[in-house]
$ cat my_file19.txt   # compact mmCIF, C-alpha atoms and all ligand atoms
# COMPACT_ATOMS: atom_id res chain seq x y z
CA MET H 209 -33.82 -26.21 -19.14
CA THR H 210 -35.51 -29.48 -18.20
CA SER H 211 -32.81 -30.44 -15.74
CA PRO H 212 -33.34 -30.49 -11.99
CA LEU H 213 -32.46 -27.34 -10.10
CA SER H 214 -28.67 -26.85 -9.83
CA ARG H 215 -27.45 -27.12 -6.26
CA HIS H 216 -25.36 -23.97 -6.56
CA LEU H 217 -28.58 -21.94 -6.64
CA LEU H 218 -29.52 -23.28 -3.21
CA PRO H 219 -28.31 -21.91 0.14
CA ASP H 220 -25.08 -23.38 1.52
CA THR H 221 -26.81 -25.69 4.00
CA GLY H 222 -29.48 -26.79 1.52
CA VAL H 223 -29.80 -30.57 1.77
CA VAL H 224 -32.07 -32.77 -0.31
CA GLU H 225 -33.27 -36.00 1.21
CA ASP H 226 -35.87 -38.15 -0.55
CA GLY H 227 -36.40 -35.12 -2.75
CA ARG H 228 -37.31 -32.85 0.17
CA LEU H 229 -35.30 -29.70 0.67
CA SER H 230 -34.13 -28.64 4.08
CA VAL H 231 -32.34 -25.37 4.83
CA GLY H 232 -30.35 -24.86 8.00
CA GLY H 233 -31.52 -28.29 9.11
CA CYS H 234 -35.20 -27.32 8.75
CA ASP H 235 -37.48 -29.12 6.33
CA THR H 236 -38.94 -26.49 4.01
CA LEU H 237 -42.35 -28.17 3.72
CA ASP H 238 -42.59 -28.25 7.51
CA LEU H 239 -41.67 -24.54 7.55
CA ALA H 240 -44.44 -23.79 5.05
CA ALA H 241 -46.91 -25.70 7.24
CA GLN H 242 -45.74 -24.02 10.44
CA PHE H 243 -45.35 -20.42 9.27
CA GLY H 244 -47.60 -20.31 6.22
CA THR H 245 -46.73 -19.00 2.75
CA PRO H 246 -45.38 -16.89 1.16
CA LEU H 247 -42.37 -17.33 3.39
CA PHE H 248 -38.78 -16.10 3.14
CA VAL H 249 -36.53 -18.89 4.41
CA TYR H 250 -33.00 -17.67 5.14
CA ASP H 251 -29.98 -19.87 5.78
CA GLU H 252 -28.24 -18.13 8.65
CA GLN H 253 -25.01 -20.07 8.18
CA HIS H 254 -24.87 -19.06 4.52
CA ILE H 255 -25.02 -15.37 5.48
CA ARG H 256 -22.36 -15.88 8.14
CA ASN H 257 -20.12 -17.67 5.63
CA ARG H 258 -20.35 -14.78 3.15
CA CYS H 259 -19.76 -12.16 5.85
CA ARG H 260 -16.68 -14.05 7.03
CA GLU H 261 -15.41 -14.29 3.49
CA ALA H 262 -15.84 -10.53 3.03
CA VAL H 263 -14.07 -9.71 6.30
CA THR H 264 -11.23 -12.13 5.50
CA THR H 265 -10.82 -10.63 2.03
CA PHE H 266 -11.06 -6.94 2.82
CA GLY H 267 -10.27 -6.78 6.53
CA ASP H 268 -11.94 -4.49 9.04
CA GLY H 269 -13.96 -1.79 7.32
CA VAL H 270 -15.92 -3.86 4.82
CA ALA H 271 -19.63 -3.06 5.11
CA TYR H 272 -22.81 -5.01 4.44
CA ALA H 273 -25.17 -2.96 2.24
CA THR H 274 -28.36 -3.20 4.26
CA LYS H 275 -30.59 -2.11 1.37
CA ALA H 276 -30.29 -5.70 0.09
CA PHE H 277 -32.11 -7.06 3.13
CA LEU H 278 -32.54 -5.57 6.57
CA CYS H 279 -34.27 -6.51 9.77
CA ARG H 280 -32.84 -6.39 13.26
CA ALA H 281 -31.72 -10.02 13.19
CA MET H 282 -29.86 -9.39 9.94
CA ALA H 283 -28.21 -6.23 11.27
CA ARG H 284 -27.03 -8.05 14.40
CA LEU H 285 -25.78 -11.00 12.39
CA ALA H 286 -23.66 -8.85 10.04
CA HIS H 287 -22.36 -6.89 13.01
CA GLU H 288 -21.50 -10.07 14.93
CA GLU H 289 -19.54 -11.25 11.92
CA GLY H 290 -17.40 -8.13 11.99
CA MET H 291 -18.95 -6.12 9.22
CA PHE H 292 -19.75 -2.43 9.16
CA LEU H 293 -23.29 -1.66 8.03
CA ASP H 294 -23.94 0.58 5.05
CA VAL H 295 -27.19 2.44 5.69
CA ALA H 296 -28.60 4.63 2.93
CA THR H 297 -31.48 6.33 4.73
CA GLY H 298 -32.62 7.38 8.17
CA GLY H 299 -34.87 4.33 8.17
CA GLU H 300 -32.05 1.89 7.56
CA MET H 301 -29.95 3.72 10.17
CA TRP H 302 -32.81 3.51 12.67
CA VAL H 303 -33.29 -0.25 12.23
CA ALA H 304 -29.54 -0.88 12.54
CA LEU H 305 -29.34 1.24 15.71
CA GLN H 306 -32.43 -0.44 17.14
CA ALA H 307 -30.72 -3.78 16.53
CA GLY H 308 -27.97 -2.64 18.89
CA VAL H 309 -25.32 -2.04 16.24
CA PRO H 310 -22.99 0.69 17.58
CA ALA H 311 -23.24 3.92 15.58
CA LYS H 312 -19.52 3.87 14.95
CA ARG H 313 -20.00 0.69 12.91
CA LEU H 314 -22.37 2.42 10.48
CA VAL H 315 -21.59 4.13 7.18
CA LEU H 316 -24.24 6.62 6.10
CA HIS H 317 -24.99 6.92 2.39
CA GLY H 318 -27.61 8.76 0.36
CA ASN H 319 -27.72 11.26 -2.48
CA ASN H 320 -30.23 13.48 -0.68
CA LYS H 321 -29.76 13.12 3.03
CA SER H 322 -32.08 15.41 4.93
CA PRO H 323 -30.93 17.68 7.76
CA ALA H 324 -32.88 15.39 10.10
CA GLU H 325 -31.05 12.30 8.83
CA LEU H 326 -27.67 14.01 9.18
CA ALA H 327 -28.54 15.27 12.66
CA MET H 328 -29.67 11.79 13.66
CA ALA H 329 -26.35 10.36 12.46
CA LEU H 330 -24.28 12.93 14.34
CA GLU H 331 -26.31 12.58 17.51
CA ALA H 332 -26.06 8.81 17.41
CA GLY H 333 -22.30 8.99 16.84
CA VAL H 334 -21.97 7.81 13.24
CA GLU H 335 -18.35 8.44 12.30
CA ARG H 336 -18.46 7.78 8.58
CA ILE H 337 -20.68 9.82 6.32
CA VAL H 338 -20.34 9.42 2.57
CA VAL H 339 -20.99 12.92 1.25
CA ASP H 340 -22.70 13.07 -2.11
CA SER H 341 -23.16 16.76 -2.98
CA PHE H 342 -22.15 20.35 -2.23
CA ASP H 343 -25.62 20.92 -0.78
CA GLU H 344 -24.93 18.15 1.67
CA PHE H 345 -21.64 19.81 2.70
CA ARG H 346 -23.59 22.94 3.59
CA ARG H 347 -26.13 20.97 5.62
CA LEU H 348 -23.46 18.93 7.35
CA GLU H 349 -21.25 21.89 8.20
CA SER H 350 -24.10 23.83 9.74
CA LEU H 351 -24.84 20.83 11.95
CA ALA H 352 -21.20 20.03 12.59
CA ALA H 353 -20.68 23.50 14.07
CA ARG H 354 -22.53 22.17 17.14
CA HIS H 355 -20.50 18.98 17.12
CA PRO H 356 -17.34 18.71 19.26
CA LEU H 357 -15.22 16.54 16.91
CA PRO H 358 -14.66 16.86 13.17
CA VAL H 359 -17.14 14.68 11.28
CA GLY H 360 -15.50 11.83 9.38
CA VAL H 361 -16.50 11.90 5.74
CA LEU H 362 -15.83 9.96 2.59
CA ILE H 363 -16.47 11.68 -0.72
CA ARG H 364 -18.49 9.80 -3.26
CA ILE H 365 -16.97 10.26 -6.67
CA THR H 366 -18.34 9.38 -10.07
CA PRO H 367 -15.41 8.17 -12.10
CA GLY H 368 -17.03 8.20 -15.53
CA ILE H 369 -17.78 4.51 -15.68
CA GLU H 370 -21.28 3.14 -15.87
CA ALA H 371 -22.25 -0.36 -14.99
CA HIS H 372 -24.81 -2.04 -17.16
CA THR H 373 -26.44 -5.30 -16.23
CA HIS H 374 -23.53 -7.57 -17.04
CA GLU H 375 -20.68 -5.31 -17.97
CA PHE H 376 -19.22 -1.90 -17.50
CA ILE H 377 -19.20 0.64 -20.23
CA ALA H 378 -16.71 3.40 -19.80
CA THR H 379 -18.40 6.66 -20.68
CA GLY H 380 -16.89 10.07 -21.13
CA GLN H 381 -19.95 11.62 -19.65
CA ASP H 382 -21.30 11.06 -16.15
CA ASP H 383 -25.05 11.07 -16.24
CA THR H 384 -26.04 10.07 -12.73
CA LYS H 385 -27.63 11.66 -9.69
CA PHE H 386 -24.91 10.25 -7.44
CA GLY H 387 -21.66 11.78 -6.34
CA PHE H 388 -19.07 14.28 -7.49
CA THR H 389 -18.03 13.92 -11.09
CA VAL H 390 -14.34 13.38 -11.70
CA SER H 391 -14.33 14.61 -15.30
CA THR H 392 -15.91 17.98 -14.53
CA GLY H 393 -13.51 18.71 -11.69
CA ALA H 394 -16.30 18.52 -9.12
CA ALA H 395 -14.56 15.66 -7.32
CA ASP H 396 -11.35 17.67 -6.93
CA ARG H 397 -13.29 20.68 -5.68
CA ALA H 398 -15.11 18.50 -3.14
CA ILE H 399 -11.85 17.05 -1.88
CA GLY H 400 -10.33 20.53 -1.62
CA HIS H 401 -13.40 21.71 0.24
CA VAL H 402 -13.12 19.02 2.92
CA GLN H 403 -9.37 19.43 3.24
CA SER H 404 -9.82 23.09 4.10
CA SER H 405 -12.74 22.49 6.47
CA THR H 406 -12.23 22.40 10.22
CA ALA H 407 -15.59 20.73 10.74
CA LEU H 408 -14.92 17.77 8.46
CA ASP H 409 -12.26 15.09 8.47
CA LEU H 410 -11.53 13.46 5.10
CA LEU H 411 -11.33 9.69 5.55
CA GLY H 412 -11.30 8.69 1.93
CA LEU H 413 -13.06 8.34 -1.37
CA HIS H 414 -15.96 6.17 -2.30
CA ALA H 415 -17.31 4.96 -5.61
CA HIS H 416 -20.06 2.50 -6.45
CA ILE H 417 -20.21 1.65 -10.10
CA GLY H 418 -23.17 -0.66 -10.42
CA SER H 419 -24.89 -3.79 -9.29
CA GLN H 420 -25.21 -7.41 -10.47
CA VAL H 421 -21.91 -7.22 -12.34
CA PHE H 422 -20.12 -10.48 -13.14
CA ARG H 423 -16.94 -9.52 -14.98
CA LEU H 424 -13.87 -9.18 -12.78
CA ALA H 425 -12.16 -7.24 -15.57
CA SER H 426 -14.83 -4.59 -15.22
CA PHE H 427 -14.24 -4.26 -11.49
CA GLU H 428 -10.53 -4.09 -12.10
CA GLU H 429 -10.94 -1.32 -14.63
CA ALA H 430 -13.19 0.62 -12.28
CA ALA H 431 -10.80 0.17 -9.36
CA ARG H 432 -7.95 1.57 -11.43
CA VAL H 433 -9.93 4.63 -12.47
CA VAL H 434 -10.92 5.36 -8.88
CA ALA H 435 -7.42 4.66 -7.57
CA ARG H 436 -5.93 7.11 -10.09
CA ALA H 437 -8.44 9.77 -9.09
CA ALA H 438 -7.49 9.23 -5.43
CA ALA H 439 -3.71 8.95 -5.95
CA PRO H 440 -2.76 12.63 -5.57
CA TYR H 441 -4.44 12.86 -2.17
CA HIS H 442 -2.86 9.92 -0.28
CA LEU H 443 -6.07 9.21 1.61
CA PRO H 444 -6.42 6.60 4.34
CA GLU H 445 -9.25 4.76 2.62
CA LEU H 446 -10.80 3.85 -0.69
CA SER H 447 -14.21 2.15 -0.83
CA LEU H 448 -15.23 0.57 -4.08
CA GLY H 449 -18.89 0.05 -3.18
CA GLY H 450 -20.81 -3.12 -3.91
CA GLY H 451 -22.00 -4.67 -7.11
CA LEU H 452 -20.75 -8.24 -7.27
CA GLY H 453 -23.31 -10.25 -9.23
CA VAL H 454 -24.77 -13.60 -8.25
CA PRO H 455 -26.21 -16.38 -10.42
CA TYR H 456 -30.01 -16.41 -10.40
CA VAL H 457 -30.70 -18.91 -13.16
CA GLU H 458 -29.19 -22.05 -14.65
CA GLY H 459 -26.04 -21.42 -16.64
CA GLU H 460 -24.94 -18.30 -14.77
CA SER H 461 -21.89 -18.20 -12.56
CA SER H 462 -20.13 -15.44 -10.69
CA PRO H 463 -16.77 -14.79 -9.09
CA SER H 464 -16.59 -15.40 -5.35
CA ILE H 465 -16.30 -12.54 -2.87
CA THR H 466 -12.65 -13.54 -2.43
CA GLU H 467 -11.91 -13.36 -6.16
CA TRP H 468 -13.74 -10.05 -6.42
CA GLY H 469 -11.94 -8.55 -3.43
CA ASP H 470 -8.53 -9.82 -4.49
CA THR H 471 -9.02 -8.27 -7.92
CA ILE H 472 -10.04 -4.88 -6.54
CA VAL H 473 -7.32 -4.74 -3.91
CA LYS H 474 -4.60 -5.86 -6.35
CA ALA H 475 -5.62 -3.24 -8.91
CA CYS H 476 -5.57 -0.50 -6.27
CA ARG H 477 -2.18 -1.59 -4.94
CA GLU H 478 -0.77 -1.63 -8.46
CA GLU H 479 -2.00 1.92 -8.86
CA GLY H 480 -0.07 2.89 -5.74
CA VAL H 481 -2.87 2.99 -3.18
CA THR H 482 -1.33 2.34 0.22
CA GLY H 483 -4.38 2.99 2.41
CA LYS H 484 -7.23 0.66 3.24
CA VAL H 485 -9.16 -0.71 0.26
CA THR H 486 -12.64 -1.75 1.14
CA ALA H 487 -16.12 -2.45 -0.25
CA GLU H 488 -19.78 -2.82 0.64
CA PRO H 489 -21.40 -5.90 -0.85
CA GLY H 490 -25.12 -6.46 -0.38
CA ARG H 491 -26.43 -8.96 -2.89
CA ALA H 492 -23.36 -11.22 -2.72
CA ILE H 493 -23.90 -11.63 1.03
CA VAL H 494 -27.60 -12.47 1.11
CA ALA H 495 -29.08 -13.23 -2.32
CA ALA H 496 -28.43 -16.97 -2.45
CA SER H 497 -29.04 -17.41 1.27
CA ALA H 498 -32.82 -17.47 0.90
CA VAL H 499 -35.58 -19.26 -0.92
CA THR H 500 -39.16 -18.05 -1.05
CA LEU H 501 -41.89 -20.62 -0.48
CA TYR H 502 -45.29 -20.08 -2.09
CA THR H 503 -48.44 -22.16 -2.35
CA VAL H 504 -49.86 -22.82 -5.78
CA GLY H 505 -53.49 -21.73 -5.85
CA THR H 506 -54.63 -21.81 -9.45
CA ILE H 507 -53.40 -23.43 -12.63
CA LYS H 508 -54.85 -22.06 -15.83
CA GLU H 509 -54.07 -23.94 -19.02
CA ILE H 510 -54.75 -22.15 -22.28
CA PRO H 511 -54.39 -24.79 -25.00
CA GLU H 512 -51.63 -24.06 -27.49
CA THR H 513 -50.88 -20.81 -25.71
CA ARG H 514 -49.60 -21.04 -22.18
CA THR H 515 -50.07 -22.39 -18.69
CA TYR H 516 -50.30 -19.90 -15.85
CA VAL H 517 -49.41 -21.08 -12.37
CA ALA H 518 -50.64 -18.57 -9.80
CA VAL H 519 -49.10 -18.46 -6.33
CA ASP H 520 -50.07 -16.65 -3.14
CA GLY H 521 -47.48 -13.86 -3.43
CA GLY H 522 -46.13 -11.97 -6.40
CA MET H 523 -44.74 -8.56 -7.25
CA SER H 524 -45.27 -7.42 -3.66
CA ASP H 525 -42.68 -9.87 -2.31
CA ASN H 526 -40.42 -9.91 -5.37
CA PRO H 527 -40.72 -6.89 -7.66
CA ARG H 528 -37.44 -7.61 -9.45
CA PRO H 529 -38.92 -9.52 -12.42
CA VAL H 530 -41.34 -6.66 -13.05
CA LEU H 531 -38.82 -3.88 -12.45
CA TYR H 532 -35.77 -5.29 -14.18
CA GLY H 533 -37.00 -8.28 -16.17
CA SER H 534 -34.96 -10.45 -13.81
CA GLY H 535 -35.04 -14.19 -14.25
CA TYR H 536 -35.57 -16.78 -11.53
CA GLU H 537 -35.82 -20.55 -11.35
CA ALA H 538 -38.67 -22.44 -9.72
CA PHE H 539 -38.83 -25.90 -8.20
CA LEU H 540 -40.91 -28.08 -5.94
CA PRO H 541 -39.24 -28.56 -2.56
CA ARG H 542 -41.08 -31.89 -2.21
CA SER H 543 -39.12 -33.17 -5.22
CA THR H 544 -36.16 -30.87 -5.49
CA ASP H 545 -34.25 -33.30 -7.70
CA ALA H 546 -37.06 -33.78 -10.21
CA THR H 547 -36.56 -32.89 -13.83
CA ARG H 548 -38.57 -29.87 -14.93
CA PRO H 549 -39.99 -30.51 -18.38
CA ARG H 550 -43.18 -28.44 -18.04
CA GLU H 551 -43.09 -24.86 -19.33
CA VAL H 552 -45.27 -22.49 -17.35
CA ARG H 553 -45.49 -18.85 -16.38
CA ILE H 554 -45.51 -18.29 -12.63
CA VAL H 555 -47.61 -15.32 -11.65
CA GLY H 556 -48.77 -13.74 -8.42
CA LYS H 557 -52.13 -12.71 -7.02
CA HIS H 558 -52.04 -8.99 -7.84
CA CYS H 559 -54.55 -7.30 -10.05
CA GLU H 560 -52.41 -6.73 -13.08
CA SER H 561 -51.04 -8.82 -15.90
CA GLY H 562 -47.52 -7.57 -15.24
CA ASP H 563 -47.48 -9.45 -11.94
CA VAL H 564 -45.05 -12.11 -13.11
CA LEU H 565 -42.57 -13.94 -10.89
CA VAL H 566 -41.01 -16.33 -13.43
CA ARG H 567 -41.80 -15.55 -17.05
CA ASP H 568 -40.48 -18.78 -18.56
CA ALA H 569 -40.38 -21.27 -15.73
CA ARG H 570 -39.68 -24.97 -15.98
CA VAL H 571 -41.38 -27.11 -13.37
CA PRO H 572 -41.91 -30.83 -12.77
CA ASP H 573 -44.76 -32.43 -14.73
CA ASP H 574 -46.70 -33.41 -11.64
CA LEU H 575 -47.07 -29.88 -10.21
CA VAL H 576 -50.58 -29.50 -8.80
CA VAL H 577 -52.71 -26.97 -6.96
CA GLU H 578 -51.70 -26.76 -3.27
CA ASP H 579 -48.12 -27.68 -4.00
CA VAL H 580 -45.52 -25.63 -2.20
CA LEU H 581 -43.43 -24.04 -4.93
CA ALA H 582 -40.09 -22.35 -4.29
CA THR H 583 -37.96 -19.76 -6.00
CA PRO H 584 -34.28 -19.73 -5.02
CA VAL H 585 -31.86 -16.78 -4.72
CA THR H 586 -34.50 -14.44 -3.30
CA GLY H 587 -32.52 -13.15 -0.32
CA ALA H 588 -31.57 -9.76 -1.81
CA TYR H 589 -33.86 -6.93 -2.89
CA GLY H 590 -37.05 -8.97 -2.54
CA GLN H 591 -38.26 -8.53 1.02
CA SER H 592 -36.48 -5.16 1.16
CA MET H 593 -38.27 -3.84 -1.92
CA GLY H 594 -41.57 -5.48 -1.06
CA SER H 595 -44.82 -3.57 -0.85
CA ASN H 596 -48.39 -3.81 0.30
CA TYR H 597 -49.80 -3.42 -3.19
CA ASN H 598 -53.41 -4.56 -3.29
CA LYS H 599 -53.13 -4.60 0.49
CA VAL H 600 -51.43 -7.96 0.23
CA LEU H 601 -49.81 -8.79 3.55
CA ARG H 602 -46.03 -8.87 3.66
CA PRO H 603 -44.65 -12.40 4.22
CA ALA H 604 -42.89 -13.68 7.30
CA VAL H 605 -39.12 -14.21 7.42
CA VAL H 606 -37.48 -17.16 9.17
CA PHE H 607 -33.80 -17.66 9.89
CA CYS H 608 -32.84 -21.33 9.94
CA ARG H 609 -29.79 -22.75 11.61
CA ASP H 610 -28.88 -26.16 13.08
CA GLY H 611 -32.46 -27.33 12.91
CA ASP H 612 -33.92 -24.22 14.56
CA ALA H 613 -36.30 -21.96 12.68
CA ARG H 614 -36.38 -18.49 14.21
CA LEU H 615 -39.18 -16.18 13.16
CA VAL H 616 -37.42 -12.83 12.71
CA VAL H 617 -40.15 -10.92 10.86
CA ARG H 618 -43.70 -12.01 11.53
CA ARG H 619 -46.29 -12.11 8.78
CA GLU H 620 -48.34 -8.93 8.54
CA THR H 621 -51.92 -8.98 9.68
CA TYR H 622 -54.92 -7.07 8.38
CA ASP H 623 -54.63 -4.84 11.46
CA ASP H 624 -51.13 -3.85 10.34
CA LEU H 625 -52.72 -2.38 7.23
CA LEU H 626 -54.45 0.20 9.42
CA THR H 627 -51.58 1.16 11.76
CA THR H 628 -50.92 4.43 9.93
CA ASP H 629 -54.47 4.92 8.65
CA LEU H 630 -56.15 7.54 10.86
CA GLY H 631 -59.62 6.87 9.54
N1 LIG C 701 -23.08 0.56 -2.08
C1 LIG C 701 -23.83 1.48 -2.70
C2 LIG C 701 -23.47 2.88 -2.58
C3 LIG C 701 -24.96 1.08 -3.43
O1 LIG C 701 -25.69 1.99 -4.04
C4 LIG C 701 -25.29 -0.30 -3.49
C5 LIG C 701 -26.47 -0.74 -4.23
C6 LIG C 701 -24.48 -1.22 -2.81
C7 LIG C 701 -23.36 -0.75 -2.13
C8 LIG C 701 -24.75 -2.69 -2.80
O2 LIG C 701 -24.74 -3.24 -4.07
P1 LIG C 701 -24.85 -4.83 -4.30
O3 LIG C 701 -23.58 -5.45 -3.74
O4 LIG C 701 -26.04 -5.31 -3.57
O5 LIG C 701 -24.96 -4.97 -5.76
N2 LIG C 701 -32.63 -3.11 -6.47
C9 LIG C 701 -31.62 -3.54 -7.41
C10 LIG C 701 -30.22 -3.29 -6.89
C11 LIG C 701 -29.98 -1.84 -6.55
C12 LIG C 701 -28.62 -1.62 -5.97
C13 LIG C 701 -28.49 -0.23 -5.44
N3 LIG C 701 -27.27 0.05 -4.81
C14 LIG C 701 -31.83 -5.02 -7.71
O6 LIG C 701 -32.75 -5.62 -7.17
O7 LIG C 701 -31.12 -5.59 -8.52

$ encode --input "my_file19.txt" --output "structure tokens"
Amino acid sequence: MTSPLSRHLLPDTGVVEDGRLSVGGCDTLDLAAQFGTPLFVYDEQHIRNRCREAVTTFGDGVAYATKAFLCRAMARLAHEEGMFLDVATGGEMWVALQAGVPAKRLVLHGNNKSPAELAMALEAGVERIVVDSFDEFRRLESLAARHPLPVGVLIRITPGIEAHTHEFIATGQDDTKFGFTVSTGAADRAIGHVQSSTALDLLGLHAHIGSQVFRLASFEEAARVVARAAAPYHLPELSLGGGLGVPYVEGESSPSITEWGDTIVKACREEGVTGKVTAEPGRAIVAASAVTLYTVGTIKEIPETRTYVAVDGGMSDNPRPVLYGSGYEAFLPRSTDATRPREVRIVGKHCESGDVLVRDARVPDDLVVEDVLATPVTGAYGQSMGSNYNKVLRPAVVFCRDGDARLVVRRETYDDLLTTDLG
């Protein structure tokens, strides 16, 4: 693809003037100069727009899946926009609570919640726990005995549908660590268990079928299977999890949150669900809201073989290409509109050949060392899955809005590398 970067891969407030990209009214090259690189630049308005769309589509109860990206500013923002927060570990719960999000606006997930995590949730006042196993029932009930009110639970079911990268494949067999299997009768037993428990209050069923899924027909099919499993119980709520895909590279497109939600809700209604139908998107809220800025440090041309462009980050700030073979685009925010005829491989600074950010990138011909280079659609599962591999310092995160750049996560320092090291 030699064409310039498509605008739909940029955050909502992305504006190009004389080739230079600004996000949230902040010039990205100025941000790189002020905060250094690598830098996660988030468009606050973009996140707000997607949260509002989710709340409008699903109503109260829709949750933001914090695993996609979480810091206190993000937790507050999603909460301000009326979303619940899906937290999948004690750590995510802790950050959300520290952000000031009321416990009753949290939904606790996890296939192996520890007694300490469950106790923390009950003490804080979390009212929605998505139970994943019979072992968890035992743990929860022994804690709930000391708890004045019944604990609100949703039961995570596995409806026999697996999501693959771009489509669902219905399988007769459920081979997953998550949830209670419908086909083996485990889901029915779990529901029966909660219905007869005085310590637990059954709020509804939950299912999450996969992530980065584009086909609405697949969501519809999944919604119908889950709705049928839930039908006999007339429960107040059905949560269909997250999973809406987003375009990462040229040529991809995805349904909007509205189209996704309308499809799910319609399918459930047609199957006779009268209770609340809700969801918990992560990627669709934040992925396209951010770009990562890097500085090009080394360009290695191997004649007739390949050109490697090495930047100052890598698999520690975006492990998705290495983990999933995920594709990204690259561009120069000094000439965002430039055509990109040059084929290169964009790599990081880590000590392994697998440290690839963009395997088959197209960049402008005049790319040089010290250029700021950007990858779009890096707002989900980049910073949150980042690491300190090679003791590379985690990047800073800025939220940009109306010309203001707010540093919400500062860049790590070498001292941070020793905070847990007792010597
Ligand atoms: N709810 C549950 C129970 C989940 O397990 C997930 C994601 C979500 C909601 C949010 O899904 P989303 O809307 O973001 O697709 N690290 C992978 C994605 C893992 C998703 C895990 N669960 C990636 O980078 O593609």

$ closest_atom_pairs --input "my_file19.txt" --of "chain H" --to "ligand LIG 701 (chain C)" --cutoff "7 Å" --atoms "only C-alpha atoms and all ligand atoms" --output "Markdown table"
| residue | atom | partner | partner_atom | distance |
| --- | --- | --- | --- | --- |
| H:Ala273 | CA | C:LIG701 | C8 | 5.1 |
| H:Ala276 | CA | C:LIG701 | O4 | 5.6 |
| H:His317 | CA | C:LIG701 | C2 | 6.6 |
| H:His416 | CA | C:LIG701 | C2 | 5.2 |
| H:Gly418 | CA | C:LIG701 | O5 | 6.6 |
| H:Ser419 | CA | C:LIG701 | O5 | 3.7 |
| H:Gln420 | CA | C:LIG701 | O5 | 5.3 |
| H:Gly449 | CA | C:LIG701 | N1 | 4.4 |
| H:Gly450 | CA | C:LIG701 | O3 | 3.6 |
| H:Gly451 | CA | C:LIG701 | O5 | 3.3 |
| H:Leu452 | CA | C:LIG701 | O3 | 5.3 |
| H:Gly453 | CA | C:LIG701 | O5 | 6.5 |
| H:Glu488 | CA | C:LIG701 | C7 | 5.0 |
| H:Pro489 | CA | C:LIG701 | O3 | 3.6 |
| H:Gly490 | CA | C:LIG701 | O4 | 3.5 |
| H:Arg491 | CA | C:LIG701 | O4 | 3.7 |
| H:Ala492 | CA | C:LIG701 | O3 | 5.9 |
| H:Arg528 | CA | C:LIG701 | O6 | 5.6 |
| H:Ala588 | CA | C:LIG701 | O6 | 6.9 |
| H:Tyr589 | CA | C:LIG701 | O6 | 4.6 |

$ write_last_selection --input "my_file19.txt" --atoms "C-alpha atoms" --output "JSON list (two decimals), in the coordinates of the input"
[["chain", "number", "residue", "atom", "x", "y", "z"],
["H", 273, "ALA", "CA", -25.17, -2.96, 2.24],
["H", 276, "ALA", "CA", -30.29, -5.70, 0.09],
["H", 317, "HIS", "CA", -24.99, 6.92, 2.39],
["H", 416, "HIS", "CA", -20.06, 2.50, -6.45],
["H", 418, "GLY", "CA", -23.17, -0.66, -10.42],
["H", 419, "SER", "CA", -24.89, -3.79, -9.29],
["H", 420, "GLN", "CA", -25.21, -7.41, -10.47],
["H", 449, "GLY", "CA", -18.89, 0.05, -3.18],
["H", 450, "GLY", "CA", -20.81, -3.12, -3.91],
["H", 451, "GLY", "CA", -22.00, -4.67, -7.11],
["H", 452, "LEU", "CA", -20.75, -8.24, -7.27],
["H", 453, "GLY", "CA", -23.31, -10.25, -9.23],
["H", 488, "GLU", "CA", -19.78, -2.82, 0.64],
["H", 489, "PRO", "CA", -21.40, -5.90, -0.85],
["H", 490, "GLY", "CA", -25.12, -6.46, -0.38],
["H", 491, "ARG", "CA", -26.43, -8.96, -2.89],
["H", 492, "ALA", "CA", -23.36, -11.22, -2.72],
["H", 528, "ARG", "CA", -37.44, -7.61, -9.45],
["H", 588, "ALA", "CA", -31.57, -9.76, -1.81],
["H", 589, "TYR", "CA", -33.86, -6.93, -2.89]]

$ residues_around --input "my_file19.txt" --residues "Ala475 (chain H)" --least-positions-apart "4" --cutoff "7 Å" --atoms "only C-alpha atoms" --output "PDB file with C-alpha atoms, in the frame of the given file"
ATOM      1  CA  GLU H 428     -10.530  -4.090 -12.100  1.00  0.00           C
ATOM      2  CA  ALA H 431     -10.800   0.170  -9.360  1.00  0.00           C
ATOM      3  CA  ARG H 432      -7.950   1.570 -11.430  1.00  0.00           C
ATOM      4  CA  THR H 471      -9.020  -8.270  -7.920  1.00  0.00           C
ATOM      5  CA  GLU H 479      -2.000   1.920  -8.860  1.00  0.00           C
TER       6      GLU H 479
END

$ atom_distance --input "my_file19.txt" --atom1 "CA of Tyr597 (chain H)" --atom2 "CA of Leu625 (chain H)"
10.9 Å

$ closest_residue --input "my_file19.txt" --among "H:Glu560, H:Asp624, H:Asp568, H:Glu578" --to "Leu501 (chain H)" --atoms "only C-alpha atoms"
H:Glu578

$ closest_residue --input "my_file19.txt" --among "H:Arg602, H:His401, H:His287, H:Arg614" --to "Phe345 (chain H)" --atoms "all atoms listed in the file"
H:His401

$ atom_distance --input "my_file19.txt" --atom1 "CA of Ala425 (chain H)" --atom2 "CA of Trp468 (chain H)"
9.7 Å

$ closest_residue --input "my_file19.txt" --among "H:Leu601, H:Tyr622, H:Ala307, H:Val457" --to "Val566 (chain H)" --atoms "all atoms listed in the file"
H:Val457

$ residues_near_point --input "my_file19.txt" --point "(-30.5, -27.9, 12.1)" --cutoff "6 Å" --atoms "all atoms listed in the file" --output "NGL selection string"
:H and (232-234 or 609-612)

$ atom_distance --input "my_file19.txt" --atom1 "CA of Ser391 (chain H)" --atom2 "CA of Leu448 (chain H)"
18.0 Å

$ residues_near_point --input "my_file19.txt" --point "(-28.2, -26.4, -9.1)" --cutoff "10 Å" --atoms "all atoms listed in the file" --output "MDAnalysis selection string"
chainID H and resid 211:218 457:459 537 544:545 584
